[in-house]
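K.L.:
The following block contains the structure, expressed as structure tokens.
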Amino acid sequence: MAEKSKILVIGGTGYIGKSIVEASAKTGHPTFVISRESTLSDPTKSKILDNFKSLGVNFLHGDLYDHESLVKAIKQVDVVISTLGHAQSADQDKIIVAIKEAGNVKRFLPAEFGNDVDRVHVVEPARTICSAKAKIRRVIEAEGIPYTYVSSNFFAGYFLPTLAQTGATAPPRDKIVILGDGNPKAVFNKEDDIGTYTIKAVDDPRTLNKILYIRPPLNTYSFNDLTSLWEKMIGKTLERSYVSEEQLLKNIQEAGFPQNAILAMEHSVFIKGDHTNFEIEPSFGVEATELYPNVKYTSVEEYLDQFV
């Protein structure tokens, strides 16, 4: 068996980053996280950092905005995964420059982990976020850096605990608001599973210079079907009300940030169907559950069971 790649995660203590770091360490990859001094002493991060230490994760001192420290960190690994938040998407050009200088990276996975940014029909402010990610793709390709882009669609933890009800803290028991006609299919993936599939892809030649789509059949639901599943689980029929595309666009314009960005992504997915409105062609992409049929992922129904 070939030796497992050494993996550096940039943004490893963030929302999706921590799941990827955990998956990497648990599957036996020598795992590194680049972190600033301020992160290591941040009390809100202590639980995450303690978990990393227990898993044998290596901490490298450095900073995205300190070129020398970035190059030094990258020289110690084979694979670089960026899980930086939207606000820092454009700054990933700094990672690309460091990867080029280091000259040893076998694969770069930039901060994607959402819709396929080359195949979205998205309005502002989400358009700017997607454009920044697409621009990073073009730079990676132009520089000839080996890559995998992970299109993991929706994080289950963002949408399923409330069934995408704005301002709610639990799934609905009486009424539900459905965006559009409720028919386009969306994909909801548990964060741990996204971590698992991402790490499986790093040494896989089938994912080299491809988009890895995470589209598990049991996690692909239209808003109407998701509502019907929930009704079945709680043994109750909900009163459904539908928001037209015109009304949703108006709501996006009137909302402040970040709510307008969330609504704009929901418009892209629930109205335009951007998770599933195209076929995955072998020329540009592969699908995770087809490549890794032995991974036991958490289905939407299993995920919702905790809220019944």
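Just so we're on the same page: first chain in the structure tokens is A, next is B, and so on; residues restart at 1 for each chain, and ligands are numbered from 1 in the order they show up.
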Near Glu191 (chain A), counting only C-alpha atoms, which residues have an atom at most 12 Å away, once you skip same-chain residues fewer than 3 positions from it, shown as a PDB file with N, CA, C and O atoms, in the first residue's frame?
P.N.:
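Here's the written file selection05.pdb:
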```
ATOM      1  N   GLY A  14     -12.218  26.152  11.082  1.00  0.00           N
ATOM      2  CA  GLY A  14     -13.495  26.726  10.641  1.00  0.00           C
ATOM      3  C   GLY A  14     -14.593  25.690  10.538  1.00  0.00           C
ATOM      4  O   GLY A  14     -14.409  24.518  10.880  1.00  0.00           O
ATOM      5  N   TYR A  15     -15.748  26.119  10.040  1.00  0.00           N
ATOM      6  CA  TYR A  15     -16.962  25.291  10.046  1.00  0.00           C
ATOM      7  C   TYR A  15     -16.772  23.947   9.343  1.00  0.00           C
ATOM      8  O   TYR A  15     -16.962  22.887   9.940  1.00  0.00           O
ATOM      9  N   ILE A  16     -16.358  23.951   8.088  1.00  0.00           N
ATOM     10  CA  ILE A  16     -16.163  22.683   7.369  1.00  0.00           C
ATOM     11  C   ILE A  16     -14.730  22.189   7.562  1.00  0.00           C
ATOM     12  O   ILE A  16     -14.458  20.982   7.507  1.00  0.00           O
ATOM     13  N   GLY A  17     -13.815  23.120   7.853  1.00  0.00           N
ATOM     14  CA  GLY A  17     -12.409  22.744   8.050  1.00  0.00           C
ATOM     15  C   GLY A  17     -12.217  21.696   9.117  1.00  0.00           C
ATOM     16  O   GLY A  17     -11.479  20.723   8.930  1.00  0.00           O
ATOM     17  N   LYS A  18     -12.915  21.846  10.242  1.00  0.00           N
ATOM     18  CA  LYS A  18     -12.693  20.907  11.348  1.00  0.00           C
ATOM     19  C   LYS A  18     -13.116  19.483  10.984  1.00  0.00           C
ATOM     20  O   LYS A  18     -12.495  18.506  11.407  1.00  0.00           O
ATOM     21  N   SER A  19     -14.158  19.342  10.144  1.00  0.00           N
ATOM     22  CA  SER A  19     -14.588  18.003   9.709  1.00  0.00           C
ATOM     23  C   SER A  19     -13.551  17.370   8.785  1.00  0.00           C
ATOM     24  O   SER A  19     -13.340  16.151   8.801  1.00  0.00           O
ATOM     25  N   ILE A  20     -12.903  18.205   7.978  1.00  0.00           N
ATOM     26  CA  ILE A  20     -11.897  17.700   7.032  1.00  0.00           C
ATOM     27  C   ILE A  20     -10.613  17.316   7.768  1.00  0.00           C
ATOM     28  O   ILE A  20     -10.024  16.263   7.498  1.00  0.00           O
ATOM     29  N   VAL A  21     -10.213  18.137   8.733  1.00  0.00           N
ATOM     30  CA  VAL A  21      -9.034  17.811   9.545  1.00  0.00           C
ATOM     31  C   VAL A  21      -9.259  16.482  10.276  1.00  0.00           C
ATOM     32  O   VAL A  21      -8.401  15.591  10.278  1.00  0.00           O
ATOM     33  N   GLU A  22     -10.426  16.348  10.868  1.00  0.00           N
ATOM     34  CA  GLU A  22     -10.757  15.138  11.626  1.00  0.00           C
ATOM     35  C   GLU A  22     -10.729  13.900  10.717  1.00  0.00           C
ATOM     36  O   GLU A  22     -10.146  12.872  11.066  1.00  0.00           O
ATOM     37  N   ALA A  23     -11.350  14.010   9.545  1.00  0.00           N
ATOM     38  CA  ALA A  23     -11.377  12.878   8.601  1.00  0.00           C
ATOM     39  C   ALA A  23      -9.961  12.504   8.164  1.00  0.00           C
ATOM     40  O   ALA A  23      -9.623  11.322   8.051  1.00  0.00           O
ATOM     41  N   PHE A 113     -16.644  23.532  -1.593  1.00  0.00           N
ATOM     42  CA  PHE A 113     -17.564  22.988  -0.590  1.00  0.00           C
ATOM     43  C   PHE A 113     -18.950  23.632  -0.620  1.00  0.00           C
ATOM     44  O   PHE A 113     -19.498  24.043   0.394  1.00  0.00           O
ATOM     45  N   GLY A 114     -19.500  23.718  -1.834  1.00  0.00           N
ATOM     46  CA  GLY A 114     -20.851  24.249  -2.004  1.00  0.00           C
ATOM     47  C   GLY A 114     -21.327  23.900  -3.400  1.00  0.00           C
ATOM     48  O   GLY A 114     -21.076  22.804  -3.898  1.00  0.00           O
ATOM     49  N   SER A 152     -19.797  20.069  -2.695  1.00  0.00           N
ATOM     50  CA  SER A 152     -20.491  19.265  -1.682  1.00  0.00           C
ATOM     51  C   SER A 152     -21.936  19.705  -1.462  1.00  0.00           C
ATOM     52  O   SER A 152     -22.626  19.181  -0.597  1.00  0.00           O
ATOM     53  N   ASN A 153     -22.386  20.691  -2.257  1.00  0.00           N
ATOM     54  CA  ASN A 153     -23.777  21.153  -2.188  1.00  0.00           C
ATOM     55  C   ASN A 153     -24.104  21.730  -0.815  1.00  0.00           C
ATOM     56  O   ASN A 153     -23.275  22.421  -0.256  1.00  0.00           O
ATOM     57  N   PHE A 154     -25.294  21.467  -0.246  1.00  0.00           N
ATOM     58  CA  PHE A 154     -25.669  22.106   1.028  1.00  0.00           C
ATOM     59  C   PHE A 154     -25.083  21.353   2.229  1.00  0.00           C
ATOM     60  O   PHE A 154     -25.094  20.120   2.256  1.00  0.00           O
ATOM     61  N   PHE A 155     -24.613  22.108   3.230  1.00  0.00           N
ATOM     62  CA  PHE A 155     -24.272  21.521   4.522  1.00  0.00           C
ATOM     63  C   PHE A 155     -25.586  21.168   5.227  1.00  0.00           C
ATOM     64  O   PHE A 155     -26.433  22.043   5.429  1.00  0.00           O
ATOM     65  N   ALA A 156     -25.719  19.911   5.619  1.00  0.00           N
ATOM     66  CA  ALA A 156     -26.939  19.492   6.325  1.00  0.00           C
ATOM     67  C   ALA A 156     -27.178  20.362   7.560  1.00  0.00           C
ATOM     68  O   ALA A 156     -28.304  20.759   7.847  1.00  0.00           O
ATOM     69  N   GLY A 157     -26.098  20.675   8.278  1.00  0.00           N
ATOM     70  CA  GLY A 157     -26.218  21.428   9.531  1.00  0.00           C
ATOM     71  C   GLY A 157     -26.746  22.843   9.381  1.00  0.00           C
ATOM     72  O   GLY A 157     -27.218  23.438  10.345  1.00  0.00           O
ATOM     73  N   TYR A 158     -26.661  23.392   8.171  1.00  0.00           N
ATOM     74  CA  TYR A 158     -27.191  24.740   7.921  1.00  0.00           C
ATOM     75  C   TYR A 158     -28.691  24.721   7.671  1.00  0.00           C
ATOM     76  O   TYR A 158     -29.400  25.656   8.033  1.00  0.00           O
ATOM     77  N   PHE A 159     -29.169  23.669   7.001  1.00  0.00           N
ATOM     78  CA  PHE A 159     -30.527  23.714   6.456  1.00  0.00           C
ATOM     79  C   PHE A 159     -31.510  22.732   7.080  1.00  0.00           C
ATOM     80  O   PHE A 159     -32.681  23.055   7.252  1.00  0.00           O
ATOM     81  N   LEU A 160     -31.045  21.542   7.434  1.00  0.00           N
ATOM     82  CA  LEU A 160     -31.994  20.537   7.902  1.00  0.00           C
ATOM     83  C   LEU A 160     -32.553  20.774   9.313  1.00  0.00           C
ATOM     84  O   LEU A 160     -33.712  20.450   9.561  1.00  0.00           O
ATOM     85  N   PHE A 188     -28.366  17.586   0.390  1.00  0.00           N
ATOM     86  CA  PHE A 188     -28.007  17.962   1.765  1.00  0.00           C
ATOM     87  C   PHE A 188     -27.035  16.924   2.316  1.00  0.00           C
ATOM     88  O   PHE A 188     -27.395  15.758   2.472  1.00  0.00           O
ATOM     89  N   ILE A 194     -18.852  14.941   4.234  1.00  0.00           N
ATOM     90  CA  ILE A 194     -18.105  15.781   3.287  1.00  0.00           C
ATOM     91  C   ILE A 194     -16.604  15.628   3.564  1.00  0.00           C
ATOM     92  O   ILE A 194     -15.795  15.479   2.645  1.00  0.00           O
ATOM     93  N   GLY A 195     -16.247  15.627   4.853  1.00  0.00           N
ATOM     94  CA  GLY A 195     -14.847  15.406   5.236  1.00  0.00           C
ATOM     95  C   GLY A 195     -14.330  14.072   4.748  1.00  0.00           C
ATOM     96  O   GLY A 195     -13.250  13.979   4.153  1.00  0.00           O
ATOM     97  N   THR A 196     -15.112  13.025   4.954  1.00  0.00           N
ATOM     98  CA  THR A 196     -14.711  11.669   4.557  1.00  0.00           C
ATOM     99  C   THR A 196     -14.468  11.571   3.051  1.00  0.00           C
ATOM    100  O   THR A 196     -13.428  11.069   2.600  1.00  0.00           O
ATOM    101  N   TYR A 197     -15.428  12.052   2.263  1.00  0.00           N
ATOM    102  CA  TYR A 197     -15.292  11.977   0.797  1.00  0.00           C
ATOM    103  C   TYR A 197     -14.127  12.833   0.301  1.00  0.00           C
ATOM    104  O   TYR A 197     -13.405  12.439  -0.622  1.00  0.00           O
ATOM    105  N   THR A 198     -13.945  13.997   0.909  1.00  0.00           N
ATOM    106  CA  THR A 198     -12.852  14.893   0.502  1.00  0.00           C
ATOM    107  C   THR A 198     -11.500  14.211   0.679  1.00  0.00           C
ATOM    108  O   THR A 198     -10.654  14.231  -0.224  1.00  0.00           O
ATOM    109  N   ILE A 214     -20.593  15.634  -4.547  1.00  0.00           N
ATOM    110  CA  ILE A 214     -21.162  14.754  -3.513  1.00  0.00           C
ATOM    111  C   ILE A 214     -22.677  14.834  -3.645  1.00  0.00           C
ATOM    112  O   ILE A 214     -23.304  15.792  -3.204  1.00  0.00           O
ATOM    113  N   TYR A 297     -22.754   6.827   4.396  1.00  0.00           N
ATOM    114  CA  TYR A 297     -23.068   8.227   4.686  1.00  0.00           C
ATOM    115  C   TYR A 297     -24.377   8.341   5.463  1.00  0.00           C
ATOM    116  O   TYR A 297     -25.198   7.423   5.468  1.00  0.00           O
ATOM    117  N   THR A 298     -24.555   9.489   6.124  1.00  0.00           N
ATOM    118  CA  THR A 298     -25.789   9.755   6.868  1.00  0.00           C
ATOM    119  C   THR A 298     -26.838  10.270   5.901  1.00  0.00           C
ATOM    120  O   THR A 298     -26.621  11.286   5.233  1.00  0.00           O
ATOM    121  N   SER A 299     -27.963   9.573   5.816  1.00  0.00           N
ATOM    122  CA  SER A 299     -29.037  10.009   4.917  1.00  0.00           C
ATOM    123  C   SER A 299     -29.794  11.175   5.546  1.00  0.00           C
ATOM    124  O   SER A 299     -29.725  11.401   6.767  1.00  0.00           O
ATOM    125  N   TYR A 303     -30.586  11.878   9.445  1.00  0.00           N
ATOM    126  CA  TYR A 303     -30.205  13.156  10.067  1.00  0.00           C
ATOM    127  C   TYR A 303     -31.400  13.800  10.765  1.00  0.00           C
ATOM    128  O   TYR A 303     -31.289  14.309  11.890  1.00  0.00           O
TER     129      TYR A 303
END
```
K.L.:
Show which residues sit within 9 Å of Ile34 (chain A), as a list in words. Count only C-alpha atoms, and ignore same-chain residues fewer than 2 positions away.
P.N.:
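Close residues of Ile34 (chain A): Leu8, Val9, Ile10, Gly11, Gly12, Phe32, Arg36, Asn58, Phe59, Leu60, His61, Gly62, Asp63, Leu64, Leu70 and Ala73 of chain A.
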K.L.:
Let me see the file: selected residues, C-alpha atoms, as a PDB file, in the first residue's frame.
P.N.:
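File produced: result-v3.pdb:
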```pdb
ATOM      1  CA  LEU A   8      -2.135  20.600   5.197  1.00  0.00           C
ATOM      2  CA  VAL A   9      -5.493  22.219   5.940  1.00  0.00           C
ATOM      3  CA  ILE A  10      -5.632  26.017   5.787  1.00  0.00           C
ATOM      4  CA  GLY A  11      -8.671  27.238   7.725  1.00  0.00           C
ATOM      5  CA  GLY A  12      -8.795  23.994   9.679  1.00  0.00           C
ATOM      6  CA  PHE A  32      -1.121  19.549   9.547  1.00  0.00           C
ATOM      7  CA  ARG A  36      -1.824  31.882  14.051  1.00  0.00           C
ATOM      8  CA  ASN A  58       0.414  18.759  13.864  1.00  0.00           C
ATOM      9  CA  PHE A  59       0.187  22.531  14.341  1.00  0.00           C
ATOM     10  CA  LEU A  60       2.337  24.747  12.153  1.00  0.00           C
ATOM     11  CA  HIS A  61       2.723  28.406  13.055  1.00  0.00           C
ATOM     12  CA  GLY A  62       1.913  30.615  10.137  1.00  0.00           C
ATOM     13  CA  ASP A  63      -0.515  32.885   8.423  1.00  0.00           C
ATOM     14  CA  LEU A  64      -2.155  33.213   5.032  1.00  0.00           C
ATOM     15  CA  LEU A  70       3.059  29.656   4.166  1.00  0.00           C
ATOM     16  CA  ALA A  73       4.346  24.918   5.860  1.00  0.00           C
TER      17      ALA A  73
END
```
K.L.:
Using only C-alpha atoms, which residues sit within 12 Å of Glu279 (chain A) once same-chain residues fewer than 5 positions away are excluded, as a short mmCIF file (atom, residue, chain, number, x, y, z; two decimals) with N, CA, C and O atoms, in the first residue's frame?
P.N.:
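New file part_18.cif:
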```
data_model
loop_
_atom_site.label_atom_id
_atom_site.label_comp_id
_atom_site.auth_asym_id
_atom_site.auth_seq_id
_atom_site.Cartn_x
_atom_site.Cartn_y
_atom_site.Cartn_z
N ARG A 119 -21.29 26.39 -12.66
CA ARG A 119 -22.61 25.98 -13.17
C ARG A 119 -23.71 26.49 -12.26
O ARG A 119 -24.57 25.74 -11.82
N TYR A 213 -18.25 15.74 -7.14
CA TYR A 213 -19.60 16.10 -6.70
C TYR A 213 -20.05 15.11 -5.64
O TYR A 213 -19.92 13.90 -5.82
N ARG A 215 -23.23 13.82 -4.33
CA ARG A 215 -24.67 13.80 -4.64
C ARG A 215 -25.27 12.46 -4.24
O ARG A 215 -25.71 11.69 -5.10
N ASP A 274 -29.77 24.51 -9.04
CA ASP A 274 -28.35 24.44 -9.40
C ASP A 274 -27.56 23.25 -8.83
O ASP A 274 -26.44 23.01 -9.24
N PHE A 284 -15.42 16.42 -16.97
CA PHE A 284 -15.11 17.41 -15.93
C PHE A 284 -15.37 16.94 -14.50
O PHE A 284 -14.88 17.55 -13.56
N GLY A 285 -16.14 15.86 -14.32
CA GLY A 285 -16.49 15.51 -12.95
C GLY A 285 -16.71 14.05 -12.67
O GLY A 285 -16.82 13.21 -13.58
N VAL A 286 -16.74 13.74 -11.37
CA VAL A 286 -17.03 12.39 -10.87
C VAL A 286 -17.94 12.55 -9.65
O VAL A 286 -17.98 13.61 -9.03
N GLU A 287 -18.67 11.46 -9.34
CA GLU A 287 -19.61 11.55 -8.21
C GLU A 287 -19.12 10.66 -7.07
O GLU A 287 -18.77 9.50 -7.26
#
```
K.L.:
Counting only C-alpha atoms, which of A:Val202, A:Leu248, A:Val79, A:Val120 gets nearest to Asp181 (chain A)?
P.N.:
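Under the stated criterion, the closest residue is A:Leu248.
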K.L.:
Find the distance between CA of Thr128 (chain A) and CA of Ile95 (chain A) and write it in Å to one decimal.
P.N.:
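Taking CA of Thr128 (chain A) and CA of Ile95 (chain A), their separation equals 20.2 Å.
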K.L.:
Would you return as a list in words the members of region 212-267 of chain A that DSSP assigns to strand (DSSP E or B) on this structure's backbone?
P.N.:
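Filtering region 212-267 of chain A down to strand (DSSP E or B) leaves Leu212, Tyr213, Thr220, Tyr221, Ser222, Glu239, Arg240, Ser241, Tyr242 and Val243 of chain A.
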K.L.:
If we count only C-alpha atoms, what is near Pro125 (chain A) at a cut-off of 8 Å, once residues fewer than 2 positions away on the same chain are taken out, given as a ChimeraX atom specification?
P.N.:
/A:123,127-129,260-261,264
K.L.:
My list of candidates is A:Asn224, A:Asn183, A:Asn189, A:Gln92. Which is closest to Ser151 (chain A) when distances are computed with only C-alpha atoms?
P.N.:
A:Asn189
K.L.:
Go through region 91-276 of chain A and collect every residue that DSSP, computed from the backbone, puts in helix (DSSP H, G or I); the answer should be as number ranges by chain.
P.N.:
A: 91-102, 126-142, 156-159, 191-201, 205-207, 217-219, 223-234, 245-254, 259-271
K.L.:
Excluding same-chain residues fewer than 2 positions from Pro146 (chain A), what lies within 12 Å of it counting only C-alpha atoms, as a PyMOL selection string?
P.N.:
chain A and resi 78-80+96+99-100+103-110+137+139-144+148-149+202-203+205+207-211
K.L.:
Give me the residues near Ala90 (chain A) as JSON, numbers by chain, where near means some atom within 10 Å (using only C-alpha atoms) and where sequence neighbours in that chain fewer than 3 positions away do not count.
P.N.:
{"A": [84, 86, 87, 93, 94, 111, 129, 131, 132, 133, 134, 135, 136]}
K.L.:
Return the single residue from A:Asp225, A:Phe52, A:Gly28, A:Val97 that is closest to Glu68 (chain A), with distances computed using only C-alpha atoms.
P.N.:
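Closest candidate: A:Val97.
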K.L.:
So, counting only C-alpha atoms, which residue among A:Thr289, A:Thr237, A:Thr27, A:Ser244 is closest to Arg173 (chain A)?
P.N.:
A:Thr237
K.L.:
Kindly give the distance, in Å, that separates CA of Ile74 (chain A) and CA of Ser5 (chain A), rounded to a single decimal.
P.N.:
12.6 Å
K.L.:
From the set A:Thr13, A:Gln88, A:Thr31, A:Ser24, which residue has the shortest atom-to-atom contact distance to Ser46 (chain A), counting only C-alpha atoms?
P.N.:
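Using only C-alpha atoms, the shortest distance to Ser46 (chain A) belongs to A:Thr13.
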K.L.:
For Lys232 (chain A), find every residue with an atom within 12 Å (counting only C-alpha atoms), except residues of its own chain fewer than 6 positions away, and show them as a list of chain:residue names.
P.N.:
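The neighbour list is A:Arg173, A:Asp225, A:Leu226, A:Leu238, A:Glu301, A:Leu304, A:Asp305, A:Val308.
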K.L.:
Find the residue from A:Thr44, A:Gln253, A:Gln76, A:Ser222 that sits nearest to Ala126 (chain A); use only C-alpha atoms when measuring.
P.N.:
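Under the stated criterion, the closest residue is A:Gln253.
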